[in-house]
Each structure stands twice: as structure tokens, then as C-alpha cells.
Amino acid sequence: MKEAVKLIAFDADDTLWVNEPHYRGAEQAYVEILSRYVEHDDLATRLYQTEVKNLNLFGYGAKGYMLSMIETALELTQYQIDGRDIDRIIQLGKEVLSYPIEILPQVRETLETLQGRYPLMVITKGDLLDQESKVARSGLADYFGRIDVVSEKDPATYGRLFSQLGRAPQEVLMVGNSLKSDILPVLEIGGHACHVDPGYEGWVHEQVTEQCLAEHRFHSFDNISKVLTLL
């Protein structure tokens with residue numbers, strides 16, 4: 001791999017900085033609000049179902065998440081939820097949009113080591129303004145020659161981006177925490193990929209089956225600095 005790689009691409013959320021725990025914290029507060037109105041076995045599952053239903057309309061990110069929270073709350077309470085609680089749900093969404101960035105362990109040191117040795121870029125999906133804000137707040141932007149925010153991470157998207165950069169997939173190493181979005185699509189088009197586990201559970205929508213994983217070979221580490229052993 002060392003000789004083949006000419007470009008390294010990084011995912012952002014939960015690869016460079018902590019993200020998913022902020023959503024789970026908002027979800028817990030949201031369930032507490034709705035629990036005062038309805039008895040439901042799994043309010044979080046009902047919210048997730050609304051999120052998935054709305055992905056084609058809202059895409060990924062905190063704004064779509066907030067709208068899905070409001071929609072679910074209205075439906076489950078039969079539109080009886082108090083306006084003050086709707087306002088609290090909106091505040092939860094705003095908190096997810098503006099949380100302080102916590103860089104994951106060894107990220108900055110790893111980027112410092114790779115900078116100058118390889119061209120580095122970010123490929124992240126979600127709301128453009130939200131993702132650009134997180135990159136700016138992270139203080140990591142100067143490590144990357146290019147930052148792309150895409151609506152979906154699939155083989156076609158990766159292929160298009162790599163082609164724009166004049167790189168064959170075989171010349172690219174993708175580093176990310178999501179097997180579904182960061183690893184498998186890149187492997188499918190012939191690229192290299194390295195999975196980095198942030199140490200906490202990811203979004204259920206990003207999970208894949210063991211059978212799917214068995215069809216591919218890739219490196220998986222518990223710390224991003226171990227990517228350096230491949231290069």
C-alpha cells in the first residue's frame with residue numbers, strides 16, 4: 001500500500017472529532033420531554049424511523065435531525081405538545097449544531113506527520129454550512145488541501161471525486177469510522193480504506209452486516225495514529 005497511495009482522504013465526524021455522542025445526548029433529552037406526554041416502548045426508535053423517512057428530503061445533519069424530532073413529537077402527542085417543549089426541541093437541535101469541537105486522540109499529531117508527505121483531503125457528508133462550521137471550529141482546516149461536503153457517500157460519489165483530482169481509486173487511502181460510508185464504497189471501486197474505531201457506538205444507520213464485511217479485506221485500528229504503520 002505504501003507505494004500505491006498518492007492521496008489520503010479523511011472522514012470528519014467521529015474520525016477527526018467527537019460527533020455522535022452529542023446526538024445521543026440530544027436524543028436522551030428529547031425522550032425525556034416526550035415521556036411526559038406519551039407512553040411508548042422505544043421513542044428513540046420512532047425518531048430514527050422518521051429520520052430515515054426524511055433522509056431523501058433533508059439529507060444528513062443536525063438540521064434534518066431537528067426537523068425529524070419536531071415531526072415525531074407532533075405525531076406522537078397528536079399535536080398536543082406544548083409550544084415551550086417544541087422550543088426546547090429546537091434548542092436541542094441548535095446545541096448539536098454548535099457543540100464545542102473535541103478532537104479525537106492522536107488526530108492532530110497524525111495529520112502533522114502526514115502533512116507534506118501526502119496530499120490530504122476531507123470527504124464528509126451532511127449539511128454544507130454545518131460541516132464547514134465544524135471544520136473551521138476544529139482548527140484542522142490548514143492540514144487539508146481540499147474539503148468536500150457531499151450529500152451521500154457511495155461508490156459513484158467517491159469515483160467522481162477521485163477522478164476530479166486526477167487520481168485512480170487505487171492511489172487513494174480513505175480513513176474513516178463508518179464501515180458503511182467510509183470503507184466499503186471505496187473498496188468497491190478498488191481503493192484502499194482504513195477503519196478507525198472512535199471508541200463509542202456509532203449511528204445505527206451506519207451499521208453493516210457481518211456477511212457484508214466478510215466480502216472485503218481492510219485494516220481496522222482503535223487509534224488513528226496506527227494508520228501511519230501502513231505508510
# chains A, B, ... in the order shown; residues from 1 in each chain; ligands from 1
>>> closest_atom_pairs(of="stretch 163-187 of chain A", to="stretch 145-158 of chain A", cutoff="8 Å", atoms="only C-alpha atoms", output="CSV")
residue,atom,partner,partner_atom,distance
A:Ser181,CA,A:Lys153,CA,5.4
A:Asp182,CA,A:Lys153,CA,7.2
A:Pro185,CA,A:Pro155,CA,4.7
A:Val186,CA,A:Pro155,CA,6.2
>>> select_by_dssp(residues="chain A", states="strand (DSSP E)", output="mmCIF file with N, CA and C atoms, in the first residue's frame")
data_model
loop_
_atom_site.group_PDB
_atom_site.id
_atom_site.type_symbol
_atom_site.label_atom_id
_atom_site.label_comp_id
_atom_site.auth_asym_id
_atom_site.auth_seq_id
_atom_site.Cartn_x
_atom_site.Cartn_y
_atom_site.Cartn_z
ATOM 1 N N LEU A 7 -2.716 9.842 -2.316
ATOM 2 C CA LEU A 7 -3.648 10.792 -1.724
ATOM 3 C C LEU A 7 -4.325 10.116 -0.533
ATOM 4 N N ILE A 8 -4.470 10.854 0.572
ATOM 5 C CA ILE A 8 -5.170 10.323 1.737
ATOM 6 C C ILE A 8 -6.389 11.192 2.019
ATOM 7 N N ALA A 9 -7.542 10.551 2.108
ATOM 8 C CA ALA A 9 -8.799 11.251 2.391
ATOM 9 C C ALA A 9 -9.301 10.831 3.766
ATOM 10 N N PHE A 10 -9.812 11.787 4.507
ATOM 11 C CA PHE A 10 -10.326 11.531 5.853
ATOM 12 C C PHE A 10 -11.807 11.874 5.933
ATOM 13 N N LEU A 120 -3.553 15.734 1.501
ATOM 14 C CA LEU A 120 -4.607 15.324 2.428
ATOM 15 C C LEU A 120 -5.900 16.052 2.088
ATOM 16 N N MET A 121 -7.028 15.358 2.221
ATOM 17 C CA MET A 121 -8.322 15.978 1.980
ATOM 18 C C MET A 121 -9.345 15.422 2.961
ATOM 19 N N VAL A 122 -10.468 16.112 3.069
ATOM 20 C CA VAL A 122 -11.600 15.656 3.862
ATOM 21 C C VAL A 122 -12.762 15.369 2.927
ATOM 22 N N ILE A 123 -13.413 14.231 3.123
ATOM 23 C CA ILE A 123 -14.670 13.912 2.438
ATOM 24 C C ILE A 123 -15.692 13.618 3.527
ATOM 25 N N THR A 124 -16.663 14.508 3.679
ATOM 26 C CA THR A 124 -17.663 14.360 4.723
ATOM 27 C C THR A 124 -19.045 14.582 4.136
ATOM 28 N N LYS A 125 -20.050 13.955 4.716
ATOM 29 C CA LYS A 125 -21.405 14.140 4.213
ATOM 30 C C LYS A 125 -22.243 14.884 5.235
ATOM 31 N N ARG A 146 -8.020 20.114 0.375
ATOM 32 C CA ARG A 146 -9.367 20.151 -0.180
ATOM 33 C C ARG A 146 -10.334 19.563 0.832
ATOM 34 N N ILE A 147 -11.508 20.180 0.934
ATOM 35 C CA ILE A 147 -12.570 19.703 1.812
ATOM 36 C C ILE A 147 -13.844 19.608 0.998
ATOM 37 N N ASP A 148 -14.381 18.396 0.882
ATOM 38 C CA ASP A 148 -15.595 18.173 0.098
ATOM 39 C C ASP A 148 -16.720 17.731 1.024
ATOM 40 N N VAL A 149 -17.850 18.418 0.935
ATOM 41 C CA VAL A 149 -19.062 18.039 1.658
ATOM 42 C C VAL A 149 -20.040 17.485 0.634
ATOM 43 N N VAL A 150 -20.437 16.243 0.803
ATOM 44 C CA VAL A 150 -21.287 15.564 -0.174
ATOM 45 C C VAL A 150 -22.595 15.154 0.482
ATOM 46 N N VAL A 172 -5.664 6.012 -3.754
ATOM 47 C CA VAL A 172 -6.270 6.745 -2.639
ATOM 48 C C VAL A 172 -6.459 5.841 -1.429
ATOM 49 N N LEU A 173 -6.144 6.380 -0.257
ATOM 50 C CA LEU A 173 -6.451 5.723 1.015
ATOM 51 C C LEU A 173 -7.511 6.557 1.719
ATOM 52 N N MET A 174 -8.656 5.941 2.022
ATOM 53 C CA MET A 174 -9.724 6.603 2.759
ATOM 54 C C MET A 174 -9.668 6.144 4.209
ATOM 55 N N VAL A 175 -9.711 7.100 5.132
ATOM 56 C CA VAL A 175 -9.653 6.817 6.562
ATOM 57 C C VAL A 175 -10.952 7.300 7.199
ATOM 58 N N GLY A 176 -11.670 6.407 7.882
ATOM 59 C CA GLY A 176 -12.931 6.824 8.481
ATOM 60 C C GLY A 176 -13.458 5.837 9.493
ATOM 61 N N HIS A 192 -8.143 1.949 -1.393
ATOM 62 C CA HIS A 192 -7.703 1.444 -0.096
ATOM 63 C C HIS A 192 -8.512 2.139 0.987
ATOM 64 N N ALA A 193 -8.742 1.445 2.097
ATOM 65 C CA ALA A 193 -9.513 2.041 3.177
ATOM 66 C C ALA A 193 -9.043 1.509 4.513
ATOM 67 N N CYS A 194 -9.071 2.392 5.506
ATOM 68 C CA CYS A 194 -8.675 2.030 6.859
ATOM 69 C C CYS A 194 -9.763 2.471 7.822
ATOM 70 N N HIS A 195 -10.299 1.522 8.567
ATOM 71 C CA HIS A 195 -11.350 1.808 9.537
ATOM 72 C C HIS A 195 -10.715 2.172 10.873
ATOM 73 N N VAL A 196 -11.187 3.280 11.464
ATOM 74 C CA VAL A 196 -10.715 3.704 12.779
ATOM 75 C C VAL A 196 -11.908 3.784 13.716
ATOM 76 N N HIS A 219 -7.949 -2.751 6.807
ATOM 77 C CA HIS A 219 -7.331 -2.592 8.112
ATOM 78 C C HIS A 219 -8.295 -1.889 9.048
ATOM 79 N N SER A 220 -8.261 -2.276 10.319
ATOM 80 C CA SER A 220 -9.101 -1.647 11.330
ATOM 81 C C SER A 220 -8.264 -1.397 12.571
ATOM 82 N N PHE A 221 -8.268 -0.140 13.047
ATOM 83 C CA PHE A 221 -7.459 0.250 14.195
ATOM 84 C C PHE A 221 -8.326 0.935 15.242
#
>>> residues_around(residues="A:Gly126", least_positions_apart="4", cutoff="12 Å", atoms="only C-alpha atoms", output="list in words")
Asp11, Ala12, Asp13, Leu55, Asn56, Phe58, Gly59, Tyr60, Gly61, Ala62, Lys63, Gly64, Tyr65, Leu97, Asp130, Gln131, Glu132, Ser133, Lys134, Asp148, Val149, Val150, Ser151, Glu152, Lys153 and Ser181 of chain A
>>> select_by_dssp(residues="stretch 1-209 of chain A", states="alpha helix (DSSP H)", output="PyMOL selection string")
chain A and resi 20-34+43-58+62-76+83-97+107-114+128-138+155-164+184-188
>>> closest_residue(among="A:Arg167, A:Arg217, A:His22, A:Arg46", to="A:Leu76", atoms="only C-alpha atoms")
A:Arg46
>>> residues_around(residues="stretch 35-45 of chain A", least_positions_apart="5", cutoff="8 Å", atoms="only C-alpha atoms", output="list in words")
Glu27, Leu76, Thr77 and Ile81 of chain A
>>> atom_distance(atom1="atom CA of A:Val204", atom2="atom CA of A:Leu129")
24.0 Å
>>> residues_around(residues="A:Arg108", least_positions_apart="4", cutoff="8 Å", atoms="only C-alpha atoms", output="ChimeraX atom specification")
/A:103,112,140
>>> closest_residue(among="A:Ala136, A:Leu187, A:Ile33, A:Val52", to="A:Arg84", atoms="only C-alpha atoms")
A:Ile33
>>> atom_distance(atom1="atom CA of A:Ile224", atom2="atom CA of A:Asn177")
9.7 Å
>>> atom_distance(atom1="atom CA of A:Lys180", atom2="atom CA of A:Glu206")
5.4 Å
>>> residues_around(residues="A:Leu228", least_positions_apart="4", cutoff="10 Å", atoms="only C-alpha atoms", output="list in words")
Lys2, Thr110, Leu111, Thr113, Leu114 and Ile224 of chain A
>>> closest_residue(among="A:Lys226, A:Ile70, A:Glu171, A:Lys6", to="A:Gly83", atoms="only C-alpha atoms")
A:Ile70
>>> closest_residue(among="A:Gln80, A:Thr15, A:Gln49, A:Asn54", to="A:Asp222", atoms="only C-alpha atoms")
A:Thr15
>>> closest_residue(among="A:Pro100, A:Gly116, A:Gly139, A:Pro21", to="A:Tyr200", atoms="only C-alpha atoms")
A:Pro21
